[in-house]
file structure07.csv (CSV, C-alpha atoms and all ligand atoms)
chain,number,residue,atom,x,y,z
A,62,MET,CA,-15.8,22.8,6.9
A,63,ASN,CA,-12.9,22.1,9.1
A,64,ARG,CA,-10.7,19.3,7.7
A,65,VAL,CA,-7.7,18.2,9.7
A,66,HIS,CA,-4.2,17.5,8.4
A,67,ASN,CA,-4.5,13.8,8.2
A,68,PHE,CA,-1.3,11.7,8.8
A,69,PHE,CA,-3.0,8.4,9.8
A,70,ALA,CA,-1.3,5.2,8.5
A,71,GLY,CA,-4.5,3.5,7.5
A,72,PRO,CA,-7.3,4.0,7.0
A,73,ALA,CA,-5.9,7.2,5.8
A,74,ALA,CA,-6.5,10.5,3.9
A,75,LEU,CA,-8.6,10.4,0.8
A,76,PRO,CA,-8.5,13.1,-1.8
A,77,LEU,CA,-11.1,15.7,-0.8
A,78,GLU,CA,-12.4,15.9,-4.4
A,79,VAL,CA,-13.2,12.1,-4.3
A,80,ILE,CA,-15.1,12.4,-1.0
A,81,GLN,CA,-17.1,15.3,-2.5
A,82,GLU,CA,-17.9,13.3,-5.6
A,83,ALA,CA,-19.1,10.4,-3.6
A,84,GLN,CA,-21.2,12.7,-1.5
A,85,LYS,CA,-22.7,14.3,-4.6
A,86,GLU,CA,-23.8,11.0,-6.1
A,87,LEU,CA,-24.6,9.2,-2.8
A,88,LEU,CA,-28.4,9.5,-2.9
A,89,ASP,CA,-28.9,9.1,-6.6
A,90,PHE,CA,-26.1,7.4,-8.5
A,91,GLN,CA,-26.1,8.7,-12.1
A,92,GLY,CA,-29.8,9.0,-12.3
A,93,SER,CA,-30.5,5.4,-11.1
A,94,GLY,CA,-32.7,6.7,-8.3
A,95,MET,CA,-30.7,4.8,-5.7
A,96,SER,CA,-27.3,4.9,-4.1
A,97,ILE,CA,-24.4,2.7,-5.5
A,98,MET,CA,-24.7,0.7,-2.2
A,99,GLU,CA,-28.3,-0.3,-2.9
A,100,MET,CA,-28.0,-1.7,-6.4
A,101,SER,CA,-27.3,-5.2,-7.7
A,102,HIS,CA,-23.7,-5.9,-8.4
A,103,ARG,CA,-24.9,-7.7,-11.5
A,104,SER,CA,-26.5,-4.5,-12.9
A,105,LYS,CA,-25.2,-2.8,-16.0
A,106,THR,CA,-24.6,0.4,-14.0
A,107,TYR,CA,-22.4,-1.4,-11.5
A,108,ASP,CA,-20.6,-3.5,-14.1
A,109,ASN,CA,-19.5,-0.3,-15.7
A,110,VAL,CA,-18.2,1.0,-12.4
A,111,ILE,CA,-16.0,-2.1,-11.6
A,112,GLU,CA,-14.9,-2.5,-15.2
A,113,THR,CA,-13.8,1.1,-15.5
A,114,ALA,CA,-11.9,0.8,-12.2
A,115,ARG,CA,-10.2,-2.3,-13.5
A,116,LYS,CA,-9.2,-0.6,-16.8
A,117,ASP,CA,-8.0,2.5,-15.1
A,118,ILE,CA,-5.8,0.5,-12.7
A,119,LEU,CA,-4.1,-1.3,-15.6
A,120,GLU,CA,-3.7,2.0,-17.5
A,121,LEU,CA,-2.1,3.8,-14.5
A,122,LEU,CA,0.3,0.9,-14.0
A,123,ASN,CA,1.1,0.8,-17.7
A,124,LEU,CA,0.0,-2.8,-17.9
A,125,THR,CA,-1.8,-4.8,-20.7
A,126,ASP,CA,-4.5,-7.4,-20.7
A,127,ASP,CA,-1.9,-10.0,-19.9
A,128,HIS,CA,-2.9,-9.0,-16.4
A,129,THR,CA,-6.1,-9.5,-14.4
A,130,VAL,CA,-7.2,-7.1,-11.7
A,131,MET,CA,-9.1,-8.6,-8.8
A,132,PHE,CA,-11.1,-6.9,-6.1
A,133,LEU,CA,-11.1,-9.2,-3.1
A,134,GLY,CA,-12.3,-9.1,0.5
A,135,GLY,CA,-10.3,-10.1,3.6
A,136,GLY,CA,-7.7,-7.4,3.4
A,137,ALA,CA,-4.1,-7.7,2.4
A,138,SER,CA,-3.8,-10.2,5.3
A,139,THR,CA,-5.8,-12.9,3.5
A,140,GLN,CA,-3.3,-12.7,0.6
A,141,PHE,CA,-0.6,-13.8,3.1
A,142,ALA,CA,-2.4,-17.2,3.1
A,143,MET,CA,-3.8,-17.2,-0.5
A,144,ILE,CA,-0.4,-16.8,-2.1
A,145,PRO,CA,1.2,-20.0,-0.7
A,146,TYR,CA,-2.1,-21.8,-0.8
A,147,ASN,CA,-2.2,-21.3,-4.6
A,148,PHE,CA,1.4,-21.3,-5.6
A,149,LEU,CA,3.5,-23.3,-3.1
A,150,LYS,CA,3.5,-26.8,-4.4
A,151,GLU,CA,4.7,-29.8,-2.4
A,152,GLY,CA,8.5,-30.2,-2.7
A,153,ALA,CA,8.9,-26.6,-3.9
A,154,THR,CA,10.3,-23.7,-1.8
A,155,ALA,CA,8.9,-20.2,-1.5
A,156,GLU,CA,11.4,-17.5,-0.8
A,157,TYR,CA,10.7,-14.4,1.3
A,158,ILE,CA,12.5,-11.2,2.2
A,159,ASP,CA,11.8,-10.3,5.8
A,160,THR,CA,11.6,-6.6,6.4
A,161,GLY,CA,9.4,-6.9,9.5
A,162,THR,CA,5.8,-6.9,10.6
A,163,TRP,CA,3.9,-7.5,7.4
A,164,SER,CA,6.5,-9.7,5.7
A,165,THR,CA,6.9,-11.6,9.0
A,166,LYS,CA,3.2,-12.3,9.0
A,167,ALA,CA,3.3,-13.4,5.4
A,168,ILE,CA,6.2,-15.8,6.2
A,169,LYS,CA,4.3,-17.3,9.1
A,170,GLU,CA,1.3,-18.2,6.9
A,171,ALA,CA,3.6,-19.6,4.1
A,172,LYS,CA,5.3,-21.9,6.7
A,173,LYS,CA,1.9,-23.5,7.4
A,174,MET,CA,1.6,-24.4,3.8
A,175,GLY,CA,5.1,-25.7,2.9
A,176,ASN,CA,8.8,-25.1,2.5
A,177,THR,CA,9.6,-21.5,3.1
A,178,LYS,CA,13.0,-19.8,3.1
A,179,VAL,CA,13.9,-16.4,4.3
A,180,ILE,CA,16.6,-15.3,1.9
A,181,ALA,CA,17.3,-12.0,3.5
A,182,SER,CA,16.2,-10.2,6.7
A,183,SER,CA,16.9,-6.9,8.4
A,184,GLU,CA,15.9,-8.2,11.9
A,185,ASP,CA,19.4,-7.8,13.2
A,186,LYS,CA,18.9,-4.1,13.3
A,187,GLY,CA,15.3,-3.9,14.3
A,188,PHE,CA,14.1,-3.9,10.6
A,189,SER,CA,15.5,-0.4,10.2
A,190,TYR,CA,16.9,-1.0,6.7
A,191,ILE,CA,16.2,-2.9,3.5
A,192,PRO,CA,18.5,-5.8,2.9
A,193,ARG,CA,20.4,-5.7,-0.4
A,194,ASP,CA,22.3,-9.0,-0.6
A,195,LEU,CA,19.7,-11.3,-2.2
A,196,GLN,CA,20.6,-14.8,-3.3
A,197,ILE,CA,17.5,-16.1,-5.2
A,198,ASP,CA,17.3,-19.8,-6.1
A,199,GLU,CA,16.1,-20.0,-9.7
A,200,ASN,CA,13.9,-23.0,-8.8
A,201,ALA,CA,12.0,-21.1,-6.1
A,202,ALA,CA,8.2,-21.2,-6.4
A,203,TYR,CA,8.2,-17.4,-6.0
A,204,LEU,CA,9.9,-14.6,-4.3
A,205,HIS,CA,7.8,-12.5,-1.9
A,206,TYR,CA,8.6,-9.1,-0.5
A,207,THR,CA,6.9,-6.0,1.0
A,208,SER,CA,7.8,-2.9,-0.9
A,209,ASN,CA,7.1,-0.5,2.0
A,210,ASN,CA,7.0,-1.3,5.7
A,211,THR,CA,4.2,1.0,7.0
A,212,ILE,CA,5.3,0.5,10.6
A,213,LYS,CA,9.1,0.6,10.4
A,214,GLY,CA,9.2,3.4,7.8
A,215,THR,CA,11.4,1.5,5.4
A,216,GLN,CA,10.9,1.2,1.6
A,217,PHE,CA,12.6,-0.7,-1.2
A,218,HIS,CA,14.0,1.8,-3.7
A,219,PHE,CA,14.8,-1.0,-6.2
A,220,ILE,CA,13.1,-4.0,-7.6
A,221,PRO,CA,14.8,-7.3,-6.6
A,222,GLU,CA,16.2,-9.1,-9.6
A,223,ALA,CA,14.4,-12.4,-9.5
A,224,GLY,CA,15.1,-13.6,-13.1
A,225,ASN,CA,12.5,-16.2,-14.0
A,226,VAL,CA,11.3,-16.7,-10.5
A,227,PRO,CA,7.8,-15.1,-10.1
A,228,LEU,CA,8.0,-11.9,-8.2
A,229,ILE,CA,5.2,-11.2,-5.7
A,230,CYS,CA,4.9,-8.0,-3.8
A,231,ASP,CA,2.8,-6.6,-1.0
A,232,MET,CA,2.5,-3.0,-2.1
A,233,SER,CA,-0.3,-2.1,0.4
A,234,SER,CA,1.3,1.1,1.6
A,235,ASP,CA,3.0,2.4,-1.5
A,236,PHE,CA,0.9,1.1,-4.4
A,237,MET,CA,0.7,3.7,-7.2
A,238,SER,CA,3.0,6.1,-5.4
A,239,ARG,CA,5.7,6.0,-7.9
A,240,GLU,CA,6.7,4.9,-11.4
A,241,MET,CA,8.2,1.5,-11.8
A,242,ASP,CA,8.2,-1.4,-14.2
A,243,TYR,CA,5.1,-3.0,-12.9
A,244,SER,CA,5.3,-5.7,-15.5
A,245,LYS,CA,8.1,-7.3,-13.6
A,246,PHE,CA,5.7,-8.6,-11.0
A,247,SER,CA,3.7,-11.8,-11.3
A,248,LEU,CA,1.4,-10.7,-8.5
A,249,ILE,CA,0.9,-7.4,-6.7
A,250,TYR,CA,-1.5,-6.9,-3.9
A,251,ALA,CA,-2.5,-3.9,-1.9
A,252,GLY,CA,-5.1,-3.3,0.8
A,253,ALA,CA,-6.8,-0.2,-0.5
A,254,GLN,CA,-7.0,1.7,2.8
A,255,LYS,CA,-3.5,3.0,2.7
A,256,ASN,CA,-3.0,4.7,-0.6
A,257,ILE,CA,-5.9,4.1,-3.0
A,258,GLY,CA,-9.2,4.0,-1.2
A,259,PRO,CA,-11.2,3.1,1.8
A,260,ALA,CA,-10.9,-0.2,3.8
A,261,GLY,CA,-12.8,-3.2,2.6
A,262,VAL,CA,-11.1,-4.2,-0.6
A,263,CYS,CA,-7.8,-5.6,-1.5
A,264,VAL,CA,-6.6,-5.0,-5.1
A,265,VAL,CA,-4.7,-7.9,-6.6
A,266,VAL,CA,-3.0,-7.5,-10.0
A,267,MET,CA,-1.9,-10.8,-11.4
A,268,LYS,CA,-0.2,-11.9,-14.6
A,269,ASN,CA,-2.5,-14.3,-16.3
A,270,SER,CA,0.3,-16.8,-16.9
A,271,MET,CA,0.7,-17.1,-13.1
A,272,LEU,CA,-2.4,-19.4,-13.0
A,273,GLU,CA,-0.4,-22.1,-14.8
A,274,ARG,CA,1.6,-22.4,-11.6
A,275,SER,CA,-1.4,-23.0,-9.4
A,276,ARG,CA,-1.5,-26.1,-7.2
A,277,GLY,CA,-4.6,-27.2,-9.1
A,278,ALA,CA,-8.4,-27.3,-9.3
A,279,ASP,CA,-9.2,-28.7,-5.8
A,280,LEU,CA,-8.5,-25.5,-3.9
A,281,PHE,CA,-11.3,-24.0,-1.8
A,282,THR,CA,-13.3,-22.0,-4.3
A,283,MET,CA,-13.1,-18.6,-2.6
A,284,LEU,CA,-9.4,-19.0,-1.9
A,285,ASN,CA,-8.6,-20.0,-5.5
A,286,TYR,CA,-7.4,-17.1,-7.7
A,287,LYS,CA,-8.7,-18.9,-10.7
A,288,THR,CA,-12.3,-18.4,-9.4
A,289,HIS,CA,-11.8,-14.6,-9.2
A,290,VAL,CA,-10.0,-14.4,-12.6
A,291,ASP,CA,-12.7,-16.5,-14.3
A,292,LYS,CA,-15.6,-14.7,-12.7
A,293,LYS,CA,-14.0,-11.2,-12.9
A,294,SER,CA,-14.3,-10.8,-9.1
A,295,MET,CA,-18.0,-11.5,-9.4
A,296,PHE,CA,-18.1,-15.1,-8.1
A,297,ASN,CA,-19.7,-13.7,-5.0
A,298,THR,CA,-20.7,-10.2,-4.1
A,299,PRO,CA,-17.6,-8.0,-4.4
A,300,PRO,CA,-17.0,-5.2,-1.9
A,301,ALA,CA,-19.2,-3.0,-4.0
A,302,PHE,CA,-18.8,0.4,-2.3
A,303,PRO,CA,-15.0,0.3,-1.7
A,304,VAL,CA,-14.5,-0.8,-5.3
A,305,TYR,CA,-16.5,2.3,-6.4
A,306,MET,CA,-14.4,4.5,-4.2
A,307,VAL,CA,-11.1,3.0,-5.5
A,308,GLY,CA,-12.5,3.8,-9.0
A,309,LEU,CA,-13.0,7.4,-8.0
A,310,VAL,CA,-9.5,7.6,-6.7
A,311,MET,CA,-8.2,6.2,-10.0
A,312,LYS,CA,-10.0,8.8,-11.9
A,313,TRP,CA,-8.6,11.5,-9.6
A,314,LEU,CA,-5.1,10.1,-10.1
A,315,LYS,CA,-5.6,10.2,-13.9
A,316,ARG,CA,-6.7,13.8,-13.7
A,317,TYR,CA,-3.6,14.5,-11.6
A,318,GLY,CA,-1.4,13.3,-14.4
A,319,GLY,CA,-1.0,9.7,-13.3
A,320,VAL,CA,1.6,7.9,-11.3
A,321,ALA,CA,4.5,10.0,-12.7
A,322,GLU,CA,3.0,13.3,-11.5
A,323,ILE,CA,2.0,12.0,-8.1
A,324,GLU,CA,5.6,10.6,-7.7
A,325,LYS,CA,7.1,14.1,-8.2
A,326,VAL,CA,4.9,15.5,-5.4
A,327,ASN,CA,5.6,12.5,-3.2
A,328,ASN,CA,9.3,13.1,-3.6
A,329,ARG,CA,8.9,16.8,-2.7
A,330,LYS,CA,6.9,16.0,0.4
A,331,ALA,CA,9.3,13.4,1.7
A,332,LYS,CA,12.3,15.6,1.0
A,333,LEU,CA,10.8,18.5,2.9
A,334,ILE,CA,10.4,16.4,6.0
A,335,TYR,CA,13.7,14.4,5.9
A,336,ASP,CA,15.7,17.6,5.1
A,337,LEU,CA,14.1,19.2,8.2
A,338,PHE,CA,15.2,16.2,10.3
A,339,ASP,CA,18.7,16.2,8.9
A,340,ASN,CA,19.1,19.9,9.7
A,341,SER,CA,17.7,19.7,13.2
A,342,ASP,CA,21.0,19.0,15.0
A,343,GLY,CA,19.7,15.6,15.9
A,344,PHE,CA,16.5,16.8,17.5
A,345,PHE,CA,14.4,14.9,15.0
A,346,ARG,CA,15.9,11.5,14.2
A,347,ALA,CA,14.6,9.4,11.3
A,348,THR,CA,14.5,5.8,12.4
A,349,ALA,CA,15.1,4.2,9.0
A,350,ALA,CA,18.6,3.9,7.5
A,351,GLU,CA,19.1,6.7,5.0
A,352,ASP,CA,19.0,4.6,1.9
A,353,SER,CA,15.9,2.8,3.1
A,354,ARG,CA,13.7,5.7,4.1
A,355,SER,CA,10.1,5.4,3.2
A,356,LYS,CA,8.5,8.2,1.2
A,357,MET,CA,5.1,7.2,2.5
A,358,ASN,CA,5.6,6.6,6.2
A,359,VAL,CA,8.1,8.8,7.8
A,360,THR,CA,9.0,7.3,11.2
A,361,PHE,CA,11.0,9.4,13.7
A,362,ARG,CA,12.0,10.0,17.2
A,363,LEU,CA,12.6,13.0,19.4
A,364,PRO,CA,15.2,13.2,22.2
A,365,THR,CA,12.8,11.8,24.9
A,366,GLU,CA,9.5,10.1,25.1
A,367,GLU,CA,8.2,13.0,27.1
A,368,LEU,CA,8.9,15.3,24.2
A,369,GLU,CA,7.3,12.9,21.8
A,370,ALA,CA,4.1,12.8,23.9
A,371,LYS,CA,4.1,16.6,24.1
A,372,ALA,CA,4.7,17.0,20.3
A,373,ILE,CA,1.8,14.6,19.6
A,374,ALA,CA,-0.5,16.5,22.1
A,375,ASP,CA,0.5,19.9,20.7
A,376,ALA,CA,0.0,18.7,17.1
A,377,THR,CA,-3.4,17.2,17.8
A,378,GLU,CA,-4.5,20.5,19.3
A,379,LYS,CA,-3.4,22.3,16.1
A,380,GLY,CA,-5.2,19.9,13.8
A,381,PHE,CA,-2.4,17.5,12.8
A,382,LEU,CA,-3.7,14.0,13.4
A,383,GLY,CA,-2.3,10.5,13.3
A,384,LEU,CA,1.3,11.3,14.3
A,385,LYS,CA,1.7,8.7,17.0
A,386,GLY,CA,4.0,5.8,16.0
A,387,HIS,CA,2.6,2.3,15.8
A,388,ARG,CA,2.0,0.9,19.2
A,389,SER,CA,4.7,-1.8,18.5
A,390,VAL,CA,7.5,0.7,18.0
A,391,GLY,CA,6.5,3.9,19.7
A,392,GLY,CA,7.9,7.3,18.6
A,393,MET,CA,6.2,9.3,15.8
A,394,ARG,CA,5.1,8.6,12.3
A,395,ALA,CA,3.8,10.9,9.6
A,396,SER,CA,2.1,8.9,6.8
A,397,ILE,CA,2.2,11.1,3.7
A,398,TYR,CA,0.3,9.0,1.1
A,399,ASN,CA,-0.8,10.2,-2.3
A,400,ALA,CA,-3.9,11.9,-1.0
A,401,VAL,CA,-2.0,14.0,1.6
A,402,PRO,CA,-1.6,17.4,0.0
A,403,TYR,CA,1.8,19.1,-0.2
A,404,GLU,CA,0.3,21.9,1.9
A,405,SER,CA,-0.4,19.6,4.8
A,406,VAL,CA,3.2,18.5,4.8
A,407,GLU,CA,4.4,22.0,4.6
A,408,ALA,CA,2.2,23.0,7.5
A,409,LEU,CA,3.6,20.0,9.5
A,410,ALA,CA,7.2,21.0,8.7
A,411,ASP,CA,6.4,24.5,10.1
A,412,PHE,CA,4.8,23.0,13.2
A,413,LEU,CA,7.9,20.8,13.8
A,414,THR,CA,10.3,23.6,13.3
A,415,ASP,CA,8.4,25.7,15.8
A,416,PHE,CA,8.2,22.8,18.2
A,417,GLN,CA,12.0,22.5,18.2
A,418,LYS,CA,12.4,26.2,18.7
A,419,ASN,CA,10.2,26.1,21.8
A,420,ASN,CA,11.4,22.8,23.2
A,421,GLY,CA,14.8,22.1,21.8
B,1,LIG,C1,-1.8,-2.5,6.5
B,1,LIG,C2,-0.9,-3.5,5.8
B,1,LIG,C3,-1.3,-4.8,5.6
B,1,LIG,C4,-2.6,-5.4,6.2
B,1,LIG,O1,-3.7,-5.0,5.5
B,1,LIG,P1,-5.1,-5.4,5.9
B,1,LIG,O2,-5.9,-4.9,4.8
B,1,LIG,O3,-5.5,-4.8,7.2
B,1,LIG,O4,-5.2,-6.9,6.0
B,1,LIG,C5,-0.5,-5.6,4.9
B,1,LIG,N1,0.7,-5.2,4.4
B,1,LIG,C6,1.1,-3.9,4.5
B,1,LIG,C7,2.4,-3.4,3.9
B,1,LIG,C8,0.3,-3.0,5.2
B,1,LIG,O5,0.6,-1.7,5.3

call {"tool": "encode", "arguments": {"input": "structure07.csv", "output": "structure tokens"}}
result
Amino acid sequence: MNRVHNFFAGPAALPLEVIQEAQKELLDFQGSGMSIMEMSHRSKTYDNVIETARKDILELLNLTDDHTVMFLGGGASTQFAMIPYNFLKEGATAEYIDTGTWSTKAIKEAKKMGNTKVIASSEDKGFSYIPRDLQIDENAAYLHYTSNNTIKGTQFHFIPEAGNVPLICDMSSDFMSREMDYSKFSLIYAGAQKNIGPAGVCVVVMKNSMLERSRGADLFTMLNYKTHVDKKSMFNTPPAFPVYMVGLVMKWLKRYGGVAEIEKVNNRKAKLIYDLFDNSDGFFRATAAEDSRSKMNVTFRLPTEELEAKAIADATEKGFLGLKGHRSVGGMRASIYNAVPYESVEALADFLTDFQKNNG
């Protein structure tokens, strides 16, 4: 078996153990005589899979039954529309923090629905930092932000203080990467394919009380959160296989010691790479402001684009994949999600050190 060092931004690395488990039970899921993909989502066996995944998510986030976990199709991108569609009432204003790309897309959707105000933005410096000066109106319908910008390599290292305003967060690329008070959020959503599973399911964790703020009963059924809360993500066929995979990742994370333990390793991985950059005499330059650096997506530049192209080519040859920066920003990016082992990051650090030696 020849597994690469996987630094793709999404879909991204999964824990090897999880893939092996899925492989082991692929043909005959727990003695059922069929694969998990072939059975009714209404079966007892499948119900156990989705309910266990739901319970494990709440447990890992240290949340109670005041919250509902939904497994929805349409990716995180559908949430950009569903959130204002459900919660932006006529006459009210939704507030957004714009840290680029994903939040910009979320804002664009909200504007189609109603009054939308960008209360802070880092556009003036190419979205290379996280804005800190936040003036939140206590009457806002909600405050939305993106905790980690997968493309710009920036990350919030604090939770915005929203008071009684419902806090909504796109955590697609750092969900469950660190301990925080998850009960502060009225709604969290995350496309699974970055940090907690394969593509095909978006995990939405919502405070039940949030439904009281819904625009009402006349919403399109599939776009109404109430439908998915009431029917426990079973109004229609849920993304059955991706949910199962997320469930396996949750079990893996619990065996690992939970979010607190993975955070320690994530901190060590990020420190290893950023320290290398900071000690490289400017050869490797992190693109994010120091206090806004992402511990999940490390974006960086080399002195020239020619050197970047050479580094990516050399790396690919040596089995380090996915290091090309997003096509919209160029440069390089190493995505070091939960499932990327410390050893892979260590090997990458060695490779980069050698690359500087030979090309610097
Ligand atoms: C990838 C990503 C998205 C888009 O997710 P899809 O599941 O492809 O719709 C949204 N937000 C963030 C932060 C992302 O990283």

call {"tool": "residues_around", "arguments": {"input": "structure07.csv", "residues": "Leu309 in chain A", "least_positions_apart": "5", "cutoff": "12 Å", "atoms": "only C-alpha atoms", "output": "ChimeraX atom specification"}}
result
/A:75-84,86,110-111,113-115,117-118,257-259,302-304,314-316

call {"tool": "write_last_selection", "arguments": {"input": "structure07.csv", "atoms": "C-alpha atoms", "output": "PDB file, in the frame of the given file"}}
result
ATOM      1  CA  LEU A  75      -8.600  10.400   0.800  1.00  0.00           C
ATOM      2  CA  PRO A  76      -8.500  13.100  -1.800  1.00  0.00           C
ATOM      3  CA  LEU A  77     -11.100  15.700  -0.800  1.00  0.00           C
ATOM      4  CA  GLU A  78     -12.400  15.900  -4.400  1.00  0.00           C
ATOM      5  CA  VAL A  79     -13.200  12.100  -4.300  1.00  0.00           C
ATOM      6  CA  ILE A  80     -15.100  12.400  -1.000  1.00  0.00           C
ATOM      7  CA  GLN A  81     -17.100  15.300  -2.500  1.00  0.00           C
ATOM      8  CA  GLU A  82     -17.900  13.300  -5.600  1.00  0.00           C
ATOM      9  CA  ALA A  83     -19.100  10.400  -3.600  1.00  0.00           C
ATOM     10  CA  GLN A  84     -21.200  12.700  -1.500  1.00  0.00           C
ATOM     11  CA  GLU A  86     -23.800  11.000  -6.100  1.00  0.00           C
ATOM     12  CA  VAL A 110     -18.200   1.000 -12.400  1.00  0.00           C
ATOM     13  CA  ILE A 111     -16.000  -2.100 -11.600  1.00  0.00           C
ATOM     14  CA  THR A 113     -13.800   1.100 -15.500  1.00  0.00           C
ATOM     15  CA  ALA A 114     -11.900   0.800 -12.200  1.00  0.00           C
ATOM     16  CA  ARG A 115     -10.200  -2.300 -13.500  1.00  0.00           C
ATOM     17  CA  ASP A 117      -8.000   2.500 -15.100  1.00  0.00           C
ATOM     18  CA  ILE A 118      -5.800   0.500 -12.700  1.00  0.00           C
ATOM     19  CA  ILE A 257      -5.900   4.100  -3.000  1.00  0.00           C
ATOM     20  CA  GLY A 258      -9.200   4.000  -1.200  1.00  0.00           C
ATOM     21  CA  PRO A 259     -11.200   3.100   1.800  1.00  0.00           C
ATOM     22  CA  PHE A 302     -18.800   0.400  -2.300  1.00  0.00           C
ATOM     23  CA  PRO A 303     -15.000   0.300  -1.700  1.00  0.00           C
ATOM     24  CA  VAL A 304     -14.500  -0.800  -5.300  1.00  0.00           C
ATOM     25  CA  LEU A 314      -5.100  10.100 -10.100  1.00  0.00           C
ATOM     26  CA  LYS A 315      -5.600  10.200 -13.900  1.00  0.00           C
ATOM     27  CA  ARG A 316      -6.700  13.800 -13.700  1.00  0.00           C
TER      28      ARG A 316
END

call {"tool": "atom_distance", "arguments": {"input": "structure07.csv", "atom1": "CA of Phe412 in chain A", "atom2": "CA of Ile191 in chain A"}}
result
29.9 Å

call {"tool": "residues_near_point", "arguments": {"input": "structure07.csv", "point": "(-8.2, -12.9, -14.2)", "cutoff": "9 Å", "atoms": "all atoms listed in the file", "output": "ChimeraX atom specification"}}
result
/A:127-131,266-269,272,286-294

call {"tool": "residues_near_ligand", "arguments": {"input": "structure07.csv", "ligand": "ligand LIG 1 (chain B)", "cutoff": "10 Å", "atoms": "all atoms listed in the file", "output": "number ranges by chain"}}
result
A: 70-72, 134-141, 161-164, 166-167, 206-212, 216, 230-236, 250-256, 260-264, 358

call {"tool": "atom_distance", "arguments": {"input": "structure07.csv", "atom1": "CA of Lys169 in chain A", "atom2": "CA of Gly392 in chain A"}}
result
26.6 Å

call {"tool": "closest_residue", "arguments": {"input": "structure07.csv", "among": "A:Phe90, A:Tyr107, A:Phe361, A:Phe68", "to": "Ala376 in chain A", "atoms": "only C-alpha atoms"}}
result
A:Phe68

call {"tool": "residues_around", "arguments": {"input": "structure07.csv", "residues": "Leu363 in chain A", "least_positions_apart": "4", "cutoff": "6 Å", "atoms": "all atoms listed in the file", "output": "ChimeraX atom specification"}}
result
/A:344-345,369

call {"tool": "atom_distance", "arguments": {"input": "structure07.csv", "atom1": "CA of Ile97 in chain A", "atom2": "CA of Ala74 in chain A"}}
result
21.7 Å

call {"tool": "residues_around", "arguments": {"input": "structure07.csv", "residues": "Asn147 in chain A", "least_positions_apart": "6", "cutoff": "12 Å", "atoms": "all atoms listed in the file", "output": "short mmCIF file (atom, residue, chain, number, x, y, z; two decimals) with C-alpha atoms, keeping the file's coordinate frame"}}
result
data_model
loop_
_atom_site.label_atom_id
_atom_site.label_comp_id
_atom_site.auth_asym_id
_atom_site.auth_seq_id
_atom_site.Cartn_x
_atom_site.Cartn_y
_atom_site.Cartn_z
CA GLN A 140 -3.30 -12.70 0.60
CA PHE A 141 -0.60 -13.80 3.10
CA ALA A 155 8.90 -20.20 -1.50
CA ALA A 171 3.60 -19.60 4.10
CA MET A 174 1.60 -24.40 3.80
CA GLY A 175 5.10 -25.70 2.90
CA ALA A 202 8.20 -21.20 -6.40
CA TYR A 203 8.20 -17.40 -6.00
CA LEU A 248 1.40 -10.70 -8.50
CA MET A 271 0.70 -17.10 -13.10
CA LEU A 272 -2.40 -19.40 -13.00
CA GLU A 273 -0.40 -22.10 -14.80
CA ARG A 274 1.60 -22.40 -11.60
CA SER A 275 -1.40 -23.00 -9.40
CA ARG A 276 -1.50 -26.10 -7.20
CA GLY A 277 -4.60 -27.20 -9.10
CA ALA A 278 -8.40 -27.30 -9.30
CA ASP A 279 -9.20 -28.70 -5.80
CA LEU A 280 -8.50 -25.50 -3.90
CA PHE A 281 -11.30 -24.00 -1.80
CA THR A 282 -13.30 -22.00 -4.30
CA MET A 283 -13.10 -18.60 -2.60
CA LEU A 284 -9.40 -19.00 -1.90
CA ASN A 285 -8.60 -20.00 -5.50
CA TYR A 286 -7.40 -17.10 -7.70
CA LYS A 287 -8.70 -18.90 -10.70
CA THR A 288 -12.30 -18.40 -9.40
#

call {"tool": "residues_around", "arguments": {"input": "structure07.csv", "residues": "Thr106 in chain A", "least_positions_apart": "3", "cutoff": "12 Å", "atoms": "only C-alpha atoms", "output": "list of chain:residue names"}}
result
A:Phe90, A:Gln91, A:Gly92, A:Ser93, A:Gly94, A:Met95, A:Ser96, A:Ile97, A:Met98, A:Glu99, A:Met100, A:Ser101, A:His102, A:Arg103, A:Asn109, A:Val110, A:Ile111, A:Glu112, A:Thr113, A:Ala301, A:Tyr305

call {"tool": "residues_around", "arguments": {"input": "structure07.csv", "residues": "Ala181 in chain A", "least_positions_apart": "3", "cutoff": "12 Å", "atoms": "all atoms listed in the file", "output": "list in words"}}
result
Glu156, Tyr157, Ile158, Asp159, Thr160, Gly161, Ser164, Thr165, Lys178, Glu184, Asp185, Phe188, Tyr190, Ile191, Pro192, Arg193, Asp194, Leu195, Gln196, Ile197, Leu204, His205, Tyr206 and Pro221 of chain A
